[in-house]
$ cat query.pdb   # PDB, C-alpha atoms, pLDDT in the B column
ATOM      1  CA  ARG A 208     106.584 120.527 108.124  1.00 48.00           C
ATOM      2  CA  ASN A 209     110.103 121.890 107.888  1.00 47.00           C
ATOM      3  CA  GLU A 210     112.160 120.891 110.910  1.00 49.00           C
ATOM      4  CA  ASN A 211     115.058 123.193 109.978  1.00 48.00           C
ATOM      5  CA  ALA A 212     113.063 126.149 111.268  1.00 46.00           C
ATOM      6  CA  SER A 213     113.129 127.379 114.838  1.00 43.00           C
ATOM      7  CA  PRO A 214     109.907 126.794 116.854  1.00 39.00           C
ATOM      8  CA  ASN A 215     108.725 130.351 116.085  1.00 40.00           C
ATOM      9  CA  GLU A 216     109.431 129.926 112.363  1.00 45.00           C
ATOM     10  CA  ARG A 217     107.809 126.464 112.087  1.00 40.00           C
ATOM     11  CA  ARG A 218     104.332 127.913 112.274  1.00 39.00           C
ATOM     12  CA  ASP A 219     105.216 129.959 109.173  1.00 43.00           C
ATOM     13  CA  SER A 220     106.987 127.204 107.249  1.00 56.00           C
ATOM     14  CA  LEU A 221     105.505 125.631 104.181  1.00 58.00           C
ATOM     15  CA  GLN A 222     103.062 122.868 104.951  1.00 68.00           C
ATOM     16  CA  PRO A 223     101.758 121.236 101.792  1.00 77.00           C
ATOM     17  CA  ARG A 224      99.005 118.679 102.192  1.00 84.00           C
ATOM     18  CA  ILE A 225      99.474 115.856  99.725  1.00 88.00           C
ATOM     19  CA  LEU A 226      97.013 113.144  98.750  1.00 87.00           C
ATOM     20  CA  ILE A 227      98.822 110.017  97.632  1.00 86.00           C
ATOM     21  CA  PRO A 228      97.501 106.500  96.915  1.00 83.00           C
ATOM     22  CA  GLY A 229      98.304 104.030  99.692  1.00 80.00           C
ATOM     23  CA  PHE A 230      99.884 101.588  97.237  1.00 81.00           C
ATOM     24  CA  SER A 231     102.609 104.182  96.533  1.00 85.00           C
ATOM     25  CA  THR A 232     106.133 103.415  97.706  1.00 87.00           C
ATOM     26  CA  LEU A 233     108.508 105.626  99.694  1.00 88.00           C
ATOM     27  CA  ASN A 234     110.243 106.415  96.380  1.00 88.00           C
ATOM     28  CA  ASP A 235     106.888 107.587  95.024  1.00 88.00           C
ATOM     29  CA  LEU A 236     106.397 109.705  98.140  1.00 90.00           C
ATOM     30  CA  ALA A 237     109.846 111.298  97.735  1.00 90.00           C
ATOM     31  CA  ASP A 238     109.090 112.051  94.064  1.00 90.00           C
ATOM     32  CA  THR A 239     105.703 113.456  95.062  1.00 90.00           C
ATOM     33  CA  LEU A 240     107.180 115.751  97.702  1.00 90.00           C
ATOM     34  CA  CYS A 241     109.928 116.970  95.377  1.00 89.00           C
ATOM     35  CA  HIS A 242     107.566 117.707  92.504  1.00 87.00           C
ATOM     36  CA  ALA A 243     104.969 119.336  94.746  1.00 87.00           C
ATOM     37  CA  PHE A 244     107.761 121.555  96.132  1.00 85.00           C
ATOM     38  CA  GLY A 245     109.132 122.221  92.662  1.00 84.00           C
ATOM     39  CA  TRP A 246     112.438 120.504  93.354  1.00 86.00           C
ATOM     40  CA  THR A 247     114.134 118.343  90.699  1.00 85.00           C
ATOM     41  CA  ALA A 248     114.311 115.125  92.772  1.00 86.00           C
ATOM     42  CA  GLU A 249     117.942 114.753  91.682  1.00 87.00           C
ATOM     43  CA  GLU A 250     119.483 115.211  95.124  1.00 88.00           C
ATOM     44  CA  SER A 251     120.075 112.355  97.540  1.00 89.00           C
ATOM     45  CA  HIS A 252     117.435 111.823 100.196  1.00 90.00           C
ATOM     46  CA  CYS A 253     116.383 109.390 102.901  1.00 91.00           C
ATOM     47  CA  PHE A 254     113.443 108.584 105.144  1.00 91.00           C
ATOM     48  CA  THR A 255     113.760 107.635 108.790  1.00 90.00           C
ATOM     49  CA  SER A 256     111.185 106.488 111.299  1.00 86.00           C
ATOM     50  CA  GLU A 257     110.241 108.768 114.163  1.00 83.00           C
ATOM     51  CA  ASP A 258     112.872 106.994 116.291  1.00 87.00           C
ATOM     52  CA  GLY A 259     115.589 107.637 113.662  1.00 87.00           C
ATOM     53  CA  GLN A 260     115.750 104.190 112.051  1.00 89.00           C
ATOM     54  CA  PRO A 261     116.460 104.318 108.282  1.00 90.00           C
ATOM     55  CA  LEU A 262     113.563 103.221 106.070  1.00 86.00           C
ATOM     56  CA  SER A 263     114.228 101.218 102.927  1.00 81.00           C
ATOM     57  CA  LEU A 264     113.958 102.922  99.553  1.00 80.00           C
ATOM     58  CA  ASP A 265     114.196  99.629  97.658  1.00 80.00           C
ATOM     59  CA  GLY A 266     110.780 100.167  96.074  1.00 77.00           C
ATOM     60  CA  THR A 267     108.926  97.487  98.025  1.00 79.00           C
ATOM     61  CA  MET A 268     107.827  99.426 101.118  1.00 79.00           C
ATOM     62  CA  ARG A 269     104.349 100.804 100.495  1.00 83.00           C
ATOM     63  CA  ILE A 270     102.970 103.773 102.383  1.00 82.00           C
ATOM     64  CA  CYS A 271      99.881 101.804 103.440  1.00 80.00           C
ATOM     65  CA  ASP A 272     102.165  99.208 105.077  1.00 79.00           C
ATOM     66  CA  MET A 273     104.075 101.838 107.046  1.00 77.00           C
ATOM     67  CA  LEU A 274     101.675 104.598 108.008  1.00 76.00           C
ATOM     68  CA  ARG A 275      98.598 102.826 109.303  1.00 74.00           C
ATOM     69  CA  HIS A 276      97.390 105.374 111.839  1.00 73.00           C
ATOM     70  CA  ALA A 277      96.880 109.115 111.675  1.00 75.00           C
ATOM     71  CA  GLY A 278      99.463 111.112 113.606  1.00 78.00           C
ATOM     72  CA  ARG A 279     102.359 108.747 113.010  1.00 77.00           C
ATOM     73  CA  PRO A 280     105.287 110.791 111.640  1.00 84.00           C
ATOM     74  CA  MET A 281     108.421 109.910 109.752  1.00 86.00           C
ATOM     75  CA  ASN A 282     111.321 112.124 108.749  1.00 91.00           C
ATOM     76  CA  TRP A 283     112.494 112.960 105.257  1.00 91.00           C
ATOM     77  CA  LYS A 284     115.907 114.474 104.604  1.00 91.00           C
ATOM     78  CA  TYR A 285     116.415 115.938 101.138  1.00 90.00           C
ATOM     79  CA  ASP A 286     119.717 117.100  99.680  1.00 89.00           C
ATOM     80  CA  MET A 287     122.400 115.850 102.031  1.00 88.00           C
ATOM     81  CA  ALA A 288     124.530 118.950 101.361  1.00 89.00           C
ATOM     82  CA  ASP A 289     121.752 121.448 102.161  1.00 89.00           C
ATOM     83  CA  GLN A 290     120.222 119.236 104.894  1.00 88.00           C
ATOM     84  CA  TRP A 291     116.508 119.954 104.375  1.00 89.00           C
ATOM     85  CA  MET A 292     114.711 118.079 107.162  1.00 89.00           C
ATOM     86  CA  HIS A 293     110.958 117.547 106.950  1.00 89.00           C
ATOM     87  CA  VAL A 294     108.453 115.710 109.106  1.00 89.00           C
ATOM     88  CA  VAL A 295     105.964 113.726 107.024  1.00 87.00           C
ATOM     89  CA  GLU A 296     102.841 112.941 108.968  1.00 84.00           C
ATOM     90  CA  LEU A 297      99.759 110.968 108.033  1.00 80.00           C
ATOM     91  CA  THR A 298      96.810 113.149 108.966  1.00 79.00           C
ATOM     92  CA  LYS A 299      93.930 111.115 107.617  1.00 77.00           C
ATOM     93  CA  ILE A 300      93.171 107.870 105.812  1.00 74.00           C
ATOM     94  CA  ARG A 301      90.500 108.319 103.181  1.00 74.00           C
ATOM     95  CA  THR A 302      88.628 106.012 100.893  1.00 73.00           C
ATOM     96  CA  MET A 303      89.285 107.450  97.470  1.00 70.00           C
ATOM     97  CA  PRO A 304      87.494 106.770  94.196  1.00 68.00           C
ATOM     98  CA  TYR A 305      88.960 104.130  91.909  1.00 65.00           C
ATOM     99  CA  THR A 306      89.991 106.881  89.498  1.00 66.00           C
ATOM    100  CA  PHE A 307      92.418 108.368  92.050  1.00 70.00           C
ATOM    101  CA  ARG A 308      95.686 106.980  90.702  1.00 72.00           C
ATOM    102  CA  HIS A 309      98.226 109.722  91.143  1.00 80.00           C
ATOM    103  CA  PRO A 310      99.352 112.060  93.907  1.00 88.00           C
ATOM    104  CA  MET A 311      97.943 115.538  94.139  1.00 87.00           C
ATOM    105  CA  CYS A 312      98.433 118.595  96.279  1.00 90.00           C
ATOM    106  CA  ALA A 313      95.307 119.498  98.247  1.00 89.00           C
ATOM    107  CA  ASP A 314      96.605 122.560 100.080  1.00 89.00           C
ATOM    108  CA  GLY A 315      99.741 124.457 100.953  1.00 88.00           C
ATOM    109  CA  GLU A 316     101.229 127.687 102.198  1.00 87.00           C
ATOM    110  CA  ARG A 317     104.267 129.686 101.118  1.00 86.00           C
ATOM    111  CA  ALA A 318     106.779 129.074  98.361  1.00 85.00           C
ATOM    112  CA  CYS A 319     109.221 126.247  98.665  1.00 84.00           C
ATOM    113  CA  PRO A 320     112.806 127.336  99.259  1.00 87.00           C
ATOM    114  CA  PRO A 321     114.757 127.391  95.994  1.00 84.00           C
ATOM    115  CA  GLU A 322     116.566 124.129  95.395  1.00 83.00           C
ATOM    116  CA  GLY A 323     120.286 124.547  95.794  1.00 81.00           C
ATOM    117  CA  CYS A 324     119.983 127.718  97.872  1.00 82.00           C
ATOM    118  CA  GLY A 325     122.252 126.330 100.584  1.00 86.00           C
ATOM    119  CA  GLY A 326     119.871 124.960 103.214  1.00 87.00           C
ATOM    120  CA  ALA A 327     117.729 126.508 105.933  1.00 89.00           C
ATOM    121  CA  SER A 328     120.199 129.063 107.290  1.00 88.00           C
ATOM    122  CA  SER A 329     121.085 130.264 103.785  1.00 86.00           C
ATOM    123  CA  TYR A 330     117.403 130.472 102.895  1.00 87.00           C
ATOM    124  CA  ARG A 331     116.690 132.575 105.994  1.00 88.00           C
ATOM    125  CA  ALA A 332     119.588 134.860 105.002  1.00 86.00           C
ATOM    126  CA  LEU A 333     118.177 135.050 101.476  1.00 82.00           C
ATOM    127  CA  LEU A 334     114.771 136.054 102.854  1.00 85.00           C
ATOM    128  CA  ARG A 335     116.368 138.786 104.967  1.00 84.00           C
ATOM    129  CA  HIS A 336     118.358 139.880 101.922  1.00 79.00           C
ATOM    130  CA  LEU A 337     115.250 140.087  99.728  1.00 78.00           C
ATOM    131  CA  ALA A 338     113.381 142.002 102.423  1.00 78.00           C
ATOM    132  CA  ALA A 339     116.109 144.649 102.623  1.00 76.00           C
ATOM    133  CA  LYS A 340     115.323 146.483  99.395  1.00 60.00           C
ATOM    134  CA  SER A 341     118.326 148.756  99.499  1.00 45.00           C
ATOM    135  CA  MET A 342     120.895 146.209 100.646  1.00 53.00           C
ATOM    136  CA  PRO A 343     124.088 146.308  98.495  1.00 54.00           C
ATOM    137  CA  GLY A 344     124.611 143.224  96.346  1.00 52.00           C
ATOM    138  CA  ARG A 345     120.915 142.413  96.077  1.00 49.00           C
ATOM    139  CA  GLY A 346     121.126 142.191  92.267  1.00 47.00           C
ATOM    140  CA  VAL A 347     123.723 139.435  92.424  1.00 43.00           C
ATOM    141  CA  GLU A 348     121.573 137.426  94.835  1.00 52.00           C
ATOM    142  CA  LEU A 349     118.495 137.857  92.614  1.00 53.00           C
ATOM    143  CA  ARG A 350     120.420 136.639  89.547  1.00 51.00           C
ATOM    144  CA  THR A 351     121.444 133.561  91.535  1.00 53.00           C
ATOM    145  CA  LEU A 352     117.861 133.067  92.664  1.00 58.00           C
ATOM    146  CA  ARG A 353     116.550 133.241  89.085  1.00 53.00           C
ATOM    147  CA  SER A 354     118.871 130.389  88.119  1.00 52.00           C
ATOM    148  CA  CYS A 355     117.285 128.026  90.679  1.00 58.00           C
ATOM    149  CA  PRO A 356     115.309 125.305  88.862  1.00 53.00           C
ATOM    150  CA  ASN A 357     112.097 125.580  90.890  1.00 54.00           C
ATOM    151  CA  ILE A 358     111.570 129.332  90.495  1.00 56.00           C
ATOM    152  CA  GLN A 359     108.812 129.654  87.896  1.00 52.00           C
ATOM    153  CA  TYR A 360     107.870 133.261  88.444  1.00 51.00           C
ATOM    154  CA  HIS A 361     109.806 136.463  88.931  1.00 55.00           C
ATOM    155  CA  PRO A 362     110.379 138.089  91.242  1.00 66.00           C
ATOM    156  CA  PHE A 363     110.506 135.307  93.810  1.00 73.00           C
ATOM    157  CA  ASP A 364     107.788 135.771  96.424  1.00 79.00           C
ATOM    158  CA  PRO A 365     108.328 133.564  99.501  1.00 84.00           C
ATOM    159  CA  GLU A 366     104.649 133.975 100.438  1.00 85.00           C
ATOM    160  CA  TYR A 367     103.310 132.707  97.096  1.00 85.00           C
ATOM    161  CA  PHE A 368     102.045 129.158  96.666  1.00 86.00           C
ATOM    162  CA  SER A 369     100.103 127.788  93.710  1.00 87.00           C
ATOM    163  CA  ILE A 370      98.224 124.513  94.051  1.00 90.00           C
ATOM    164  CA  SER A 371      97.679 124.496  90.285  1.00 91.00           C
ATOM    165  CA  PHE A 372     101.487 124.714  89.641  1.00 88.00           C
ATOM    166  CA  ALA A 373     102.101 121.936  92.173  1.00 89.00           C
ATOM    167  CA  ASN A 374      99.442 119.693  90.634  1.00 89.00           C
ATOM    168  CA  ALA A 375     100.653 120.379  87.093  1.00 89.00           C
ATOM    169  CA  ARG A 376     104.150 119.263  88.123  1.00 87.00           C
ATOM    170  CA  LEU A 377     102.721 116.131  89.781  1.00 89.00           C
ATOM    171  CA  LYS A 378     100.585 115.294  86.761  1.00 88.00           C
ATOM    172  CA  ASP A 379     103.586 115.735  84.439  1.00 87.00           C
ATOM    173  CA  ARG A 380     105.814 113.606  86.686  1.00 86.00           C
ATOM    174  CA  PHE A 381     103.385 110.740  87.046  1.00 83.00           C
ATOM    175  CA  MET A 382     102.309 110.959  83.369  1.00 69.00           C
ATOM    176  CA  VAL A 383      98.618 110.936  84.051  1.00 52.00           C
ATOM    177  CA  HIS A 384      96.657 111.167  80.829  1.00 47.00           C
ATOM    178  CA  ASP A 385      92.941 111.334  80.402  1.00 48.00           C
ATOM    179  CA  LEU A 386      92.004 108.188  78.497  1.00 45.00           C
ATOM    180  CA  THR A 387      88.424 109.217  77.796  1.00 44.00           C
TER     181      THR A 387
END

$ encode --input "query.pdb" --output "structure tokens"
Amino acid sequence: RNENASPNERRDSLQPRILIPGFSTLNDLADTLCHAFGWTAEESHCFTSEDGQPLSLDGTMRICDMLRHAGRPMNWKYDMADQWMHVVELTKIRTMPYTFRHPMCADGERACPPEGCGGASSYRALLRHLAAKSMPGRGVELRTLRSCPNIQYHPFDPEYFSISFANARLKDRFMVHDLT
């Protein structure tokens, strides 16, 4: 859930549902979120507990050790310049088959904001700009948008979300190969 949005916009913000093995670390979770969103994972980021305490990204903190009960949130800030704030919440603990070894996207809505677009307020301005078909300067903005690394289709459609694109990025990132 994107916390940069106003209360009225939050219901329309992107809300991917990710399945991730419990033995994964916070670093794995950050990589999973970035790749599911289509971001490069090259920007600085941090996790904090629901009370604002920083959580260690040293690679030893496993998700199963932190999020033990459904409904317990933590915060994830990505790209300290753009200030993308997200609430990560455990919704369910499942027993998964032994073959489940990598994260996957189970559901989602709406396109992720383009990485490097300037944060939530700039993204809202970009959406208004794209909606105004006759607005002067639109071509310049669209050229800028096409240069964003996570835009894989043209023209950019903020309502479009592809689970198959998200899962392909996750599979590529976590180098999952069928050994059969």

$ closest_atom_pairs --input "query.pdb" --of "stretch 282-321 of chain A" --to "stretch 252-273 of chain A" --cutoff "10 Å" --atoms "all atoms listed in the file" --output "CSV"
residue,atom,partner,partner_atom,distance
A:Asn282,CA,A:Thr255,CA,5.1
A:Trp283,CA,A:Phe254,CA,4.5
A:Lys284,CA,A:His252,CA,5.4
A:Tyr285,CA,A:His252,CA,4.3
A:Asp286,CA,A:His252,CA,5.8
A:Met287,CA,A:His252,CA,6.7
A:Gln290,CA,A:His252,CA,9.2
A:Trp291,CA,A:His252,CA,9.2
A:Met292,CA,A:His252,CA,9.8
A:His293,CA,A:Phe254,CA,9.5
A:Val294,CA,A:Glu257,CA,8.8
A:Val295,CA,A:Phe254,CA,9.3
A:Glu296,CA,A:Glu257,CA,10.0
A:Leu297,CA,A:Ile270,CA,9.7
A:Ile300,CA,A:Cys271,CA,9.4

$ residues_near_point --input "query.pdb" --point "(103.0, 109.4, 95.0)" --cutoff "7 Å" --atoms "only C-alpha atoms" --output "ChimeraX atom specification"
/A:227-228,231,235-236,238-239,309-310

$ closest_atom_pairs --input "query.pdb" --of "stretch 221-252 of chain A" --to "stretch 320-331 of chain A" --cutoff "12 Å" --atoms "only C-alpha atoms" --output "CSV"
residue,atom,partner,partner_atom,distance
A:Leu221,CA,A:Pro320,CA,9.0
A:Cys241,CA,A:Glu322,CA,9.8
A:His242,CA,A:Glu322,CA,11.4
A:Phe244,CA,A:Pro320,CA,8.3
A:Gly245,CA,A:Glu322,CA,8.1
A:Trp246,CA,A:Glu322,CA,5.9
A:Thr247,CA,A:Glu322,CA,7.8
A:Ala248,CA,A:Glu322,CA,9.6
A:Glu249,CA,A:Glu322,CA,10.2
A:Glu250,CA,A:Glu322,CA,9.4

$ atom_distance --input "query.pdb" --atom1 "atom CA of A:Phe230" --atom2 "atom CA of A:Phe368"
27.7 Å

$ residues_around --input "query.pdb" --residues "A:Tyr367" --least-positions-apart "4" --cutoff "9 Å" --atoms "all atoms listed in the file" --output "ChimeraX atom specification"
/A:316-319,363

$ axis_aligned_box --input "query.pdb" --around "stretch 311-330 of chain A" --padding-each-side "4 Å" --output "lines of an AutoDock Vina configuration file"
center_x = 108.8
center_y = 123.0
center_z = 100.7
size_x = 34.9
size_y = 22.9
size_z = 21.2

$ atom_distance --input "query.pdb" --atom1 "atom CA of A:His276" --atom2 "atom CA of A:Ala375"
29.1 Å

$ atom_distance --input "query.pdb" --atom1 "atom CA of A:Asp379" --atom2 "atom CA of A:Asp289"
26.0 Å

$ resolve_selection --input "query.pdb" --expression "the PyMOL selection byres ((chain A and resi 313) around 12)" --output "JSON, numbers by chain"
{"A": [222, 223, 224, 225, 226, 227, 243, 310, 311, 312, 314, 315, 316, 368, 369, 370, 371, 372, 373, 374, 377]}

$ build_atoms --input "query.pdb" --residues "stretch 232-243 of chain A" --atoms "all heavy atoms" --output "short mmCIF file (atom, residue, chain, number, x, y, z; two decimals), in the frame of the given file"
data_model
loop_
_atom_site.label_atom_id
_atom_site.label_comp_id
_atom_site.auth_asym_id
_atom_site.auth_seq_id
_atom_site.Cartn_x
_atom_site.Cartn_y
_atom_site.Cartn_z
N THR A 232 104.95 103.77 96.93
CA THR A 232 106.13 103.42 97.71
C THR A 232 106.76 104.68 98.30
O THR A 232 106.37 105.80 97.97
CB THR A 232 107.17 102.72 96.83
OG1 THR A 232 107.64 103.66 95.84
CG2 THR A 232 106.59 101.48 96.14
N LEU A 233 107.77 104.48 99.16
CA LEU A 233 108.51 105.63 99.69
C LEU A 233 109.19 106.41 98.57
O LEU A 233 109.29 107.63 98.64
CB LEU A 233 109.54 105.18 100.72
CG LEU A 233 108.99 104.76 102.07
CD1 LEU A 233 110.13 104.30 102.98
CD2 LEU A 233 108.21 105.88 102.73
N ASN A 234 109.66 105.71 97.53
CA ASN A 234 110.24 106.42 96.38
C ASN A 234 109.20 107.30 95.72
O ASN A 234 109.49 108.43 95.32
CB ASN A 234 110.82 105.43 95.37
CG ASN A 234 112.13 104.83 95.84
OD1 ASN A 234 112.90 105.48 96.54
ND2 ASN A 234 112.38 103.60 95.45
N ASP A 235 107.97 106.78 95.58
CA ASP A 235 106.89 107.59 95.02
C ASP A 235 106.61 108.80 95.90
O ASP A 235 106.38 109.90 95.40
CB ASP A 235 105.59 106.77 94.90
CG ASP A 235 105.68 105.63 93.92
OD1 ASP A 235 106.46 105.73 92.94
OD2 ASP A 235 104.96 104.63 94.13
N LEU A 236 106.64 108.60 97.22
CA LEU A 236 106.40 109.70 98.14
C LEU A 236 107.49 110.77 98.00
O LEU A 236 107.20 111.97 97.96
CB LEU A 236 106.32 109.20 99.59
CG LEU A 236 106.12 110.26 100.66
CD1 LEU A 236 104.85 111.07 100.43
CD2 LEU A 236 106.11 109.60 102.04
N ALA A 237 108.75 110.34 97.91
CA ALA A 237 109.85 111.30 97.74
C ALA A 237 109.67 112.08 96.43
O ALA A 237 109.82 113.30 96.41
CB ALA A 237 111.19 110.58 97.75
N ASP A 238 109.34 111.38 95.35
CA ASP A 238 109.09 112.05 94.06
C ASP A 238 107.92 113.02 94.18
O ASP A 238 107.96 114.12 93.64
CB ASP A 238 108.77 111.03 92.96
CG ASP A 238 110.01 110.50 92.28
OD1 ASP A 238 111.12 110.97 92.59
OD2 ASP A 238 109.86 109.62 91.42
N THR A 239 106.88 112.60 94.88
CA THR A 239 105.70 113.46 95.06
C THR A 239 106.07 114.72 95.81
O THR A 239 105.70 115.83 95.41
CB THR A 239 104.60 112.69 95.81
OG1 THR A 239 104.21 111.57 95.03
CG2 THR A 239 103.40 113.56 96.09
N LEU A 240 106.78 114.58 96.92
CA LEU A 240 107.18 115.75 97.70
C LEU A 240 108.05 116.69 96.87
O LEU A 240 107.81 117.90 96.84
CB LEU A 240 107.91 115.31 98.97
CG LEU A 240 107.05 114.58 100.00
CD1 LEU A 240 107.93 113.96 101.08
CD2 LEU A 240 106.02 115.51 100.61
N CYS A 241 109.04 116.13 96.19
CA CYS A 241 109.93 116.97 95.38
C CYS A 241 109.15 117.73 94.31
O CYS A 241 109.34 118.94 94.14
CB CYS A 241 111.00 116.12 94.71
SG CYS A 241 112.31 115.61 95.82
N HIS A 242 108.29 117.05 93.59
CA HIS A 242 107.57 117.71 92.50
C HIS A 242 106.50 118.67 93.02
O HIS A 242 106.25 119.70 92.39
CB HIS A 242 107.01 116.67 91.54
CG HIS A 242 108.10 116.08 90.69
ND1 HIS A 242 108.89 115.05 91.15
CD2 HIS A 242 108.55 116.41 89.48
CE1 HIS A 242 109.78 114.76 90.22
NE2 HIS A 242 109.60 115.57 89.19
N ALA A 243 105.91 118.38 94.15
CA ALA A 243 104.97 119.34 94.75
C ALA A 243 105.72 120.59 95.19
O ALA A 243 105.23 121.71 95.04
CB ALA A 243 104.23 118.71 95.93
#
